[in-house]
file data.txt (compact mmCIF, C-alpha atoms)
# COMPACT_ATOMS: atom_id res chain seq x y z
CA MET A 227 126.87 99.05 87.21
CA PRO A 228 127.11 102.40 89.03
CA THR A 229 127.77 102.39 92.74
CA ARG A 230 126.06 104.45 95.43
CA GLY A 231 126.75 108.10 94.80
CA SER A 232 128.14 107.63 91.28
CA PRO A 233 126.42 109.02 88.16
CA TRP A 234 123.77 106.86 86.55
CA ILE A 235 124.14 106.95 82.77
CA LEU A 236 121.50 105.67 80.39
CA GLY A 237 121.78 105.81 76.61
CA GLY A 238 124.65 108.29 76.78
CA ARG A 239 122.85 110.63 79.20
CA THR A 240 123.43 111.12 82.91
CA LEU A 241 120.13 110.65 84.72
CA PRO A 242 118.93 113.72 86.65
CA GLU A 243 118.98 113.70 90.42
CA HIS A 244 115.19 113.92 90.51
CA LEU A 245 113.25 111.72 88.10
CA ALA A 246 109.58 112.25 88.87
CA VAL A 247 106.97 113.38 91.38
CA ARG A 248 104.46 111.18 93.17
CA TRP A 249 101.25 112.69 94.48
CA ASP A 250 99.28 110.74 97.10
CA VAL A 251 95.67 111.85 96.77
CA VAL A 252 93.13 111.08 99.52
CA SER A 253 89.45 111.93 99.12
CA THR A 254 86.26 111.47 101.12
CA VAL A 255 83.27 110.01 99.29
CA VAL A 256 80.32 112.40 99.56
CA ARG A 257 77.90 110.52 97.31
CA ASP A 258 77.50 106.75 97.10
CA GLY A 259 77.94 105.18 93.73
CA ARG A 260 78.67 102.03 91.81
CA ILE A 261 81.97 101.85 90.02
CA PRO A 262 83.64 99.34 87.68
CA GLU A 263 85.69 96.60 89.32
CA TRP A 264 88.77 97.90 87.47
CA THR A 265 89.04 101.46 88.75
CA GLY A 266 92.07 102.77 86.85
CA PRO A 267 90.11 104.42 84.00
CA ILE A 268 87.62 106.23 86.26
CA THR A 269 90.50 107.41 88.47
CA ALA A 270 92.32 108.94 85.50
CA ALA A 271 89.13 110.41 84.06
CA GLY A 272 88.04 111.91 87.38
CA LEU A 273 91.46 113.46 87.92
CA LEU A 274 91.61 115.03 84.45
CA ARG A 275 88.07 116.40 84.78
CA ALA A 276 88.99 118.03 88.09
CA MET A 277 92.15 119.48 86.54
CA GLN A 278 90.13 120.76 83.58
CA ALA A 279 88.31 123.19 85.86
CA ILE A 280 91.62 124.63 87.08
CA ASP A 281 93.81 124.55 83.96
CA SER A 282 91.95 123.32 80.90
CA SER A 283 95.02 123.67 78.68
CA LEU A 284 97.15 121.38 80.84
CA ALA A 285 94.37 118.81 81.26
CA THR A 286 93.89 118.72 77.50
CA ARG A 287 97.63 118.34 76.86
CA LEU A 288 97.85 115.42 79.28
CA HIS A 289 94.78 113.72 77.84
CA ASP A 290 95.75 114.24 74.20
CA ALA A 291 99.49 113.57 74.54
CA ALA A 292 100.68 111.64 71.50
CA GLY A 293 102.33 108.32 72.24
CA PRO A 294 102.97 107.19 75.82
CA LYS A 295 101.42 109.50 78.42
CA PRO A 296 103.87 111.33 80.77
CA TYR A 297 101.92 110.25 83.84
CA ALA A 298 100.47 107.15 85.47
CA VAL A 299 97.83 106.52 88.12
CA THR A 300 97.15 103.64 90.46
CA PRO A 301 93.71 102.09 90.93
CA LEU A 302 91.57 103.29 93.82
CA SER A 303 92.10 101.88 97.30
CA GLY A 304 90.64 102.56 100.72
CA GLU A 305 87.85 101.87 103.18
CA ALA A 306 85.21 103.46 100.94
CA ILE A 307 85.35 100.51 98.53
CA SER A 308 82.94 97.65 99.15
CA SER A 309 81.84 94.65 97.12
CA GLY A 310 78.96 95.03 94.71
CA GLU A 311 77.36 92.98 91.99
CA PRO A 312 79.68 90.90 89.77
CA GLY A 313 82.09 93.17 87.93
CA ARG A 314 81.14 96.21 90.01
CA LEU A 315 82.19 97.80 93.30
CA CYS A 316 80.53 100.38 95.53
CA LEU A 317 81.93 103.59 97.00
CA VAL A 318 80.39 104.33 100.40
CA ALA A 319 79.72 107.93 101.45
CA GLY A 320 81.64 109.15 104.49
CA GLU A 321 84.62 106.85 103.90
CA GLN A 322 87.97 107.63 102.30
CA VAL A 323 89.44 106.51 99.01
CA GLY A 324 92.90 107.20 97.61
CA PHE A 325 95.19 106.80 94.65
CA GLN A 326 98.66 107.81 93.53
CA LEU A 327 99.64 109.96 90.56
CA PHE A 328 103.13 109.64 89.08
CA VAL A 329 104.23 112.37 86.67
CA TRP A 330 107.60 113.09 85.06
CA GLY A 331 109.40 115.41 82.66
CA GLU A 332 107.81 118.66 81.54
CA ALA A 333 104.42 117.38 82.68
CA ALA A 334 105.68 117.16 86.27
CA ARG A 335 106.79 120.78 86.18
CA ALA A 336 103.49 121.89 84.64
CA CYS A 337 101.52 120.08 87.38
CA GLU A 338 103.33 121.79 90.27
CA LYS A 339 100.75 124.56 90.63
CA VAL A 340 97.68 122.71 89.42
CA ILE A 341 97.72 119.57 91.57
CA PRO A 342 97.85 121.41 94.96
CA SER A 343 94.82 123.43 93.83
CA LEU A 344 92.74 120.25 93.70
CA ARG A 345 92.30 120.24 97.48
CA GLY A 346 88.62 120.74 98.22
CA THR A 347 87.49 120.01 94.66
CA LYS A 348 85.09 117.25 93.64
CA LEU A 349 86.19 114.07 91.87
CA SER A 350 83.58 112.38 89.70
CA LEU A 351 84.21 108.63 89.97
CA SER A 352 81.62 107.03 87.73
CA SER A 353 78.33 107.63 89.60
CA ALA A 354 80.08 108.43 92.91
CA ILE A 355 81.51 111.79 93.97
CA ALA A 356 84.42 112.39 96.35
CA THR A 357 86.00 115.54 97.77
CA VAL A 358 89.79 115.81 97.70
CA GLU A 359 91.00 116.14 101.29
CA SER A 360 94.79 115.86 101.08
CA LEU A 361 97.59 115.88 98.51
CA GLU A 362 101.04 114.72 99.58
CA ARG A 363 103.93 115.44 97.22
CA THR A 364 107.06 113.25 97.08
CA ASP A 365 110.09 113.74 94.87
CA ILE A 366 111.37 110.47 93.40
CA ALA A 367 115.14 110.65 93.11
CA THR A 368 117.51 108.40 91.20
CA ALA A 369 119.05 107.45 94.55
CA ASP A 370 115.67 106.01 95.65
CA LEU A 371 116.11 103.23 93.09
CA VAL A 372 119.64 102.26 94.12
CA GLU A 373 119.23 99.44 96.63
CA PRO A 374 117.26 96.88 94.59
CA LEU A 375 119.34 97.60 91.47
CA LEU A 376 122.69 97.01 93.17
CA GLN A 377 121.89 93.61 94.66
CA GLY A 378 123.90 91.32 92.38
CA ASP A 379 123.02 90.14 88.91
CA ARG A 380 119.37 89.31 89.69
CA LEU A 381 116.32 91.47 90.04
CA ARG A 382 112.93 90.49 91.40
CA VAL A 383 109.93 92.33 90.03
CA ARG A 384 106.34 92.23 91.26
CA PHE A 385 103.74 93.12 88.64
CA GLU A 386 101.12 94.65 90.91
CA THR A 387 98.36 95.53 88.44
CA PRO A 388 97.37 93.75 85.21
CA THR A 389 100.09 94.17 82.61
CA ALA A 390 100.21 93.52 78.87
CA PHE A 391 102.47 94.58 76.02
CA LYS A 392 101.84 95.59 72.44
CA HIS A 393 102.87 92.81 70.11
CA LYS A 394 102.74 92.07 66.40
CA ARG A 395 99.62 92.84 64.34
CA GLY A 396 97.83 94.55 67.18
CA HIS A 397 97.91 91.54 69.50
CA LEU A 398 98.86 91.79 73.18
CA GLN A 399 101.60 89.75 74.83
CA VAL A 400 100.79 88.63 78.38
CA PHE A 401 104.24 87.48 79.43
CA PRO A 402 106.95 89.90 80.68
CA LEU A 403 109.69 89.16 78.18
CA PRO A 404 112.72 91.32 79.10
CA SER A 405 112.78 93.00 75.70
CA LEU A 406 109.13 94.08 76.05
CA VAL A 407 109.65 95.55 79.54
CA VAL A 408 112.72 97.48 78.35
CA GLN A 409 111.24 98.72 75.08
CA SER A 410 107.90 99.82 76.51
CA THR A 411 109.58 101.65 79.40
CA LEU A 412 112.08 103.45 77.19
CA GLN A 413 109.22 104.68 75.01
CA LYS A 414 107.79 106.46 78.05
CA TRP A 415 111.08 108.09 79.10
CA SER A 416 113.32 108.61 76.06
CA ALA A 417 112.02 112.04 75.05
CA ASP A 418 112.17 113.56 78.55
CA LEU A 419 115.58 112.07 79.40
CA GLY A 420 117.08 112.88 76.00
CA ILE A 421 118.45 109.36 75.52
CA ALA A 422 120.80 109.67 72.57
CA GLU A 423 122.30 106.20 72.15
CA PRO A 424 120.65 102.79 71.73
CA LEU A 425 120.99 100.35 74.59
CA PRO A 426 122.59 96.91 74.19
CA ASP A 427 120.38 94.04 73.10
CA PRO A 428 118.10 93.11 76.04
CA GLU A 429 117.99 89.50 74.87
CA ALA A 430 120.93 88.89 77.22
CA ILE A 431 118.47 89.22 80.14
CA VAL A 432 117.05 85.87 81.23
CA VAL A 433 113.83 85.05 83.10
CA THR A 434 114.97 82.64 85.85
CA SER A 435 111.65 82.13 87.65
CA TYR A 436 108.09 83.40 87.62
CA ASN A 437 104.74 83.01 89.34
CA LEU A 438 102.10 84.73 87.26
CA LYS A 439 98.39 84.56 86.58
CA THR A 440 96.22 86.22 83.96
CA VAL A 441 93.47 88.65 84.91
CA PRO A 442 90.63 89.86 82.67
CA LEU A 443 89.61 93.49 82.94
CA SER A 444 87.29 95.86 81.17
CA LEU A 445 88.41 99.30 79.98
CA PRO A 446 86.24 101.89 78.22
CA ASP A 447 87.68 101.08 74.78
CA SER A 448 87.87 97.28 75.01
CA ASN A 449 88.21 94.20 77.18
CA TYR A 450 91.78 93.25 78.08
CA ILE A 451 93.69 90.38 79.61
CA GLY A 452 96.76 91.18 81.68
CA PHE A 453 98.99 89.32 84.10
CA ILE A 454 100.05 89.91 87.69
CA GLY A 455 102.64 88.19 89.88
CA LYS A 456 106.38 87.91 90.45
CA VAL A 457 109.30 87.43 88.07
CA GLU A 458 113.04 87.12 88.64
CA TYR A 459 115.42 88.32 85.94
CA LYS A 460 119.13 87.58 85.58
CA PHE A 461 121.37 90.21 83.99
CA ASP A 462 124.79 89.66 82.49
CA SER A 463 127.72 92.06 82.80
CA ALA A 464 126.84 93.70 79.47
CA SER A 465 123.40 94.87 80.59
CA PRO A 466 123.77 97.25 83.57
CA GLU A 467 121.75 99.94 81.81
CA HIS A 468 118.82 97.58 81.49
CA LYS A 469 118.56 97.39 85.27
CA MET A 470 118.15 101.15 85.33
CA VAL A 471 115.28 100.82 82.85
CA PHE A 472 113.52 98.47 85.27
CA GLY A 473 114.02 101.16 87.91
CA LEU A 474 112.28 103.68 85.65
CA ALA A 475 109.47 101.19 85.10
CA SER A 476 108.84 101.16 88.85
CA ILE A 477 107.83 104.82 88.43
CA SER A 478 106.03 104.92 85.09
CA GLY A 479 104.82 101.36 84.83
CA CYS A 480 105.38 99.33 81.69
CA GLY A 481 103.26 98.04 78.85
CA VAL A 482 99.91 99.42 77.72
CA LYS A 483 97.39 101.71 79.47
CA THR A 484 99.70 102.79 82.31
CA ALA A 485 97.83 106.13 82.45
CA GLN A 486 94.79 104.06 83.47
CA GLY A 487 96.50 101.99 86.15
CA MET A 488 97.81 99.01 84.22
CA GLY A 489 101.45 97.92 84.33
CA ARG A 490 102.34 99.00 87.88
CA ILE A 491 105.48 97.20 89.07
CA ALA A 492 107.60 97.12 92.24
CA LEU A 493 111.24 96.12 92.65
CA VAL A 494 111.50 93.50 95.38
CA PRO A 495 114.72 93.60 97.46
CA ARG A 496 116.46 90.26 97.83
CA THR A 497 117.05 88.84 101.31
CA SER A 498 120.28 87.34 102.61
CA SER A 499 118.83 83.82 102.19
CA ASP A 500 117.99 84.61 98.57
CA LYS A 501 121.57 85.60 97.88
CA LYS A 502 122.92 82.35 99.39
CA GLN A 503 120.67 80.27 97.14
CA SER A 504 121.64 82.07 93.90

call {"tool": "encode", "arguments": {"input": "data.txt", "output": "structure tokens"}}
result
Amino acid sequence: MPTRGSPWILGGRTLPEHLAVRWDVVSTVVRDGRIPEWTGPITAAGLLRAMQAIDSSLATRLHDAAGPKPYAVTPLSGEAISSGEPGRLCLVAGEQVGFQLFVWGEAARACEKVIPSLRGTKLSLSSAIATVESLERTDIATADLVEPLLQGDRLRVRFETPTAFKHKRGHLQVFPLPSLVVQSTLQKWSADLGIAEPLPDPEAIVVTSYNLKTVPLSLPDSNYIGFIGKVEYKFDSASPEHKMVFGLASISGCGVKTAQGMGRIALVPRTSSDKKQS
């Protein structure tokens, strides 16, 4: 495993110093409206519609990208959200709502001029409308992922939004098998990072503990079931590159529909008491 300050190599390629860009978008609701309980799809749709008015070519490329999308959004959060009827929420005028956009590779470079231009534009969020007030840009560097990945042979992961993986015959797997996390994440990054060599078999990674629950959610194309919760993985000495893949997943998400808010994960640092128990 690389040490602090040493190159991080994945699939025969040295990872770039900067991996992605995160945009924190805060808007003020100017028209009340009811929204679906799962807000990822309307967040992505509202963002792309707003981008369409500024650079229709880029918005179309992002929307129509073949295979895994080179961006991910988080669901809406903020004081503007209030409870509504079952399966629905309300956005309250005069209050703020926010989300994060993660974008990487060529798409990140293409968004550099377009995203700042969204300030002051309207976001259509189902029947509600919000005005973009602020856009904060943050570079995500390889070094930002170092601490959790260097803490011994174990890694704790929190699956923050419903997650599911493509499985055989069109079915979805709702358990975070190590091979599914690795494979789905590499699909999102391989082209942009130019990964030239296959990684070792991820079957050497073991799930040592988990606390998960399944969550139903409705997306425009279908109803889904995903899982949320915490998992601890144990890595052997032959799988240091796999830890880096989990680091990439903390940016892009893993599994299906990450461009609509599914599959968001966080790496959870281990405490000193955790290390004594392992």

call {"tool": "closest_residue", "arguments": {"input": "data.txt", "among": "A:Pro404, A:Pro296, A:Gly304, A:Pro466", "to": "A:Ala334", "atoms": "all atoms listed in the file"}}
result
A:Pro296

call {"tool": "residues_around", "arguments": {"input": "data.txt", "residues": "stretch 426-441 of chain A", "least_positions_apart": "2", "cutoff": "9 Å", "atoms": "only C-alpha atoms", "output": "VMD selection string"}}
result
chain A and resid 380 385 388 to 389 400 to 405 408 to 409 424 443 450 to 462 464 to 465 467 to 468

call {"tool": "atom_distance", "arguments": {"input": "data.txt", "atom1": "atom CA of A:Glu263", "atom2": "atom CA of A:Arg275"}}
result
20.5 Å

call {"tool": "residues_around", "arguments": {"input": "data.txt", "residues": "A:Gly320", "least_positions_apart": "3", "cutoff": "12 Å", "atoms": "only C-alpha atoms", "output": "PyMOL selection string"}}
result
chain A and resi 253-258+304-307+317+323+354-357

call {"tool": "closest_atom_pairs", "arguments": {"input": "data.txt", "of": "stretch 274-328 of chain A", "to": "stretch 233-251 of chain A", "cutoff": "6 Å", "atoms": "all atoms listed in the file", "output": "CSV"}}
result
residue,atom,partner,partner_atom,distance
A:Gly324,CA,A:Val251,CA,5.5
A:Phe325,CA,A:Val251,CA,5.5
A:Gln326,CA,A:Asp250,CA,4.7
A:Leu327,CA,A:Trp249,CA,5.0
A:Phe328,CA,A:Arg248,CA,4.6

call {"tool": "atom_distance", "arguments": {"input": "data.txt", "atom1": "atom CA of A:Ala417", "atom2": "atom CA of A:Leu302"}}
result
29.1 Å

call {"tool": "closest_atom_pairs", "arguments": {"input": "data.txt", "of": "stretch 335-359 of chain A", "to": "stretch 264-270 of chain A", "cutoff": "9 Å", "atoms": "only C-alpha atoms", "output": "CSV"}}
result
residue,atom,partner,partner_atom,distance
A:Leu349,CA,A:Thr269,CA,8.6
A:Ser350,CA,A:Ile268,CA,8.1
A:Leu351,CA,A:Ile268,CA,5.6
A:Ser352,CA,A:Ile268,CA,6.2

call {"tool": "write_last_selection", "arguments": {"input": "data.txt", "atoms": "C-alpha atoms", "output": "mmCIF file, in the coordinates of the input"}}
result
data_model
loop_
_atom_site.group_PDB
_atom_site.id
_atom_site.type_symbol
_atom_site.label_atom_id
_atom_site.label_comp_id
_atom_site.auth_asym_id
_atom_site.auth_seq_id
_atom_site.Cartn_x
_atom_site.Cartn_y
_atom_site.Cartn_z
ATOM 1 C CA LEU A 349 86.190 114.070 91.870
ATOM 2 C CA SER A 350 83.580 112.380 89.700
ATOM 3 C CA LEU A 351 84.210 108.630 89.970
ATOM 4 C CA SER A 352 81.620 107.030 87.730
#

call {"tool": "atom_distance", "arguments": {"input": "data.txt", "atom1": "atom CA of A:Trp415", "atom2": "atom CA of A:Val383"}}
result
19.2 Å

call {"tool": "closest_residue", "arguments": {"input": "data.txt", "among": "A:Gly259, A:Gly310, A:Pro442, A:Gly473", "to": "A:Met488", "atoms": "only C-alpha atoms"}}
result
A:Pro442

call {"tool": "residues_near_point", "arguments": {"input": "data.txt", "point": "(106.2, 97.2, 87.8)", "cutoff": "6 Å", "atoms": "all atoms listed in the file", "output": "CSV table (one decimal) with C-alpha atoms, in the coordinates of the input"}}
result
chain,number,residue,atom,x,y,z
A,385,PHE,CA,103.7,93.1,88.6
A,475,ALA,CA,109.5,101.2,85.1
A,476,SER,CA,108.8,101.2,88.8
A,479,GLY,CA,104.8,101.4,84.8
A,489,GLY,CA,101.4,97.9,84.3
A,490,ARG,CA,102.3,99.0,87.9
A,491,ILE,CA,105.5,97.2,89.1
A,492,ALA,CA,107.6,97.1,92.2

call {"tool": "closest_residue", "arguments": {"input": "data.txt", "among": "A:Gln377, A:Ser303, A:Thr286, A:Ser308", "to": "A:Arg496", "atoms": "only C-alpha atoms"}}
result
A:Gln377

call {"tool": "closest_residue", "arguments": {"input": "data.txt", "among": "A:Lys295, A:Arg363, A:Lys469, A:Arg314", "to": "A:Gly487", "atoms": "only C-alpha atoms"}}
result
A:Lys295

call {"tool": "closest_residue", "arguments": {"input": "data.txt", "among": "A:Ala336, A:Leu398, A:Ile366, A:Leu381", "to": "A:Val482", "atoms": "all atoms listed in the file"}}
result
A:Leu398

call {"tool": "closest_residue", "arguments": {"input": "data.txt", "among": "A:Pro301, A:Gly272, A:Pro312, A:Gly346", "to": "A:Val358", "atoms": "only C-alpha atoms"}}
result
A:Gly346

call {"tool": "axis_aligned_box", "arguments": {"input": "data.txt", "around": "stretch 255-269 of chain A", "padding_each_side": "5 Å", "output": "AutoDock Vina command-line options"}}
result
--center_x 84.8 --center_y 104.5 --center_z 91.8 --size_x 24.6 --size_y 25.8 --size_z 25.6

call {"tool": "decode", "arguments": {"input": "data.txt", "residues": "stretch 354-379 of chain A", "atoms": "C-alpha atoms", "output": "CSV table (one decimal), in the first residue's frame"}}
result
chain,number,residue,atom,x,y,z
A,354,ALA,CA,-41.3,23.5,-7.1
A,355,ILE,CA,-38.8,26.2,-8.4
A,356,ALA,CA,-35.6,27.3,-6.7
A,357,THR,CA,-33.1,30.0,-7.6
A,358,VAL,CA,-29.4,29.1,-7.4
A,359,GLU,CA,-27.8,31.3,-4.8
A,360,SER,CA,-24.3,29.9,-4.4
A,361,LEU,CA,-21.9,27.5,-6.0
A,362,GLU,CA,-18.8,26.4,-4.0
A,363,ARG,CA,-16.1,24.5,-5.9
A,364,THR,CA,-13.8,22.0,-4.2
A,365,ASP,CA,-11.0,20.0,-5.9
A,366,ILE,CA,-10.8,16.4,-4.7
A,367,ALA,CA,-7.2,15.3,-4.6
A,368,THR,CA,-5.8,11.8,-4.3
A,369,ALA,CA,-4.3,12.9,-1.0
A,370,ASP,CA,-7.8,13.6,0.4
A,371,LEU,CA,-8.4,9.8,0.4
A,372,VAL,CA,-5.2,8.8,2.2
A,373,GLU,CA,-6.1,8.7,5.9
A,374,PRO,CA,-8.9,6.1,5.9
A,375,LEU,CA,-7.1,3.9,3.3
A,376,LEU,CA,-3.9,3.7,5.3
A,377,GLN,CA,-5.5,2.6,8.6
A,378,GLY,CA,-4.4,-1.1,8.6
A,379,ASP,CA,-6.0,-4.0,6.7
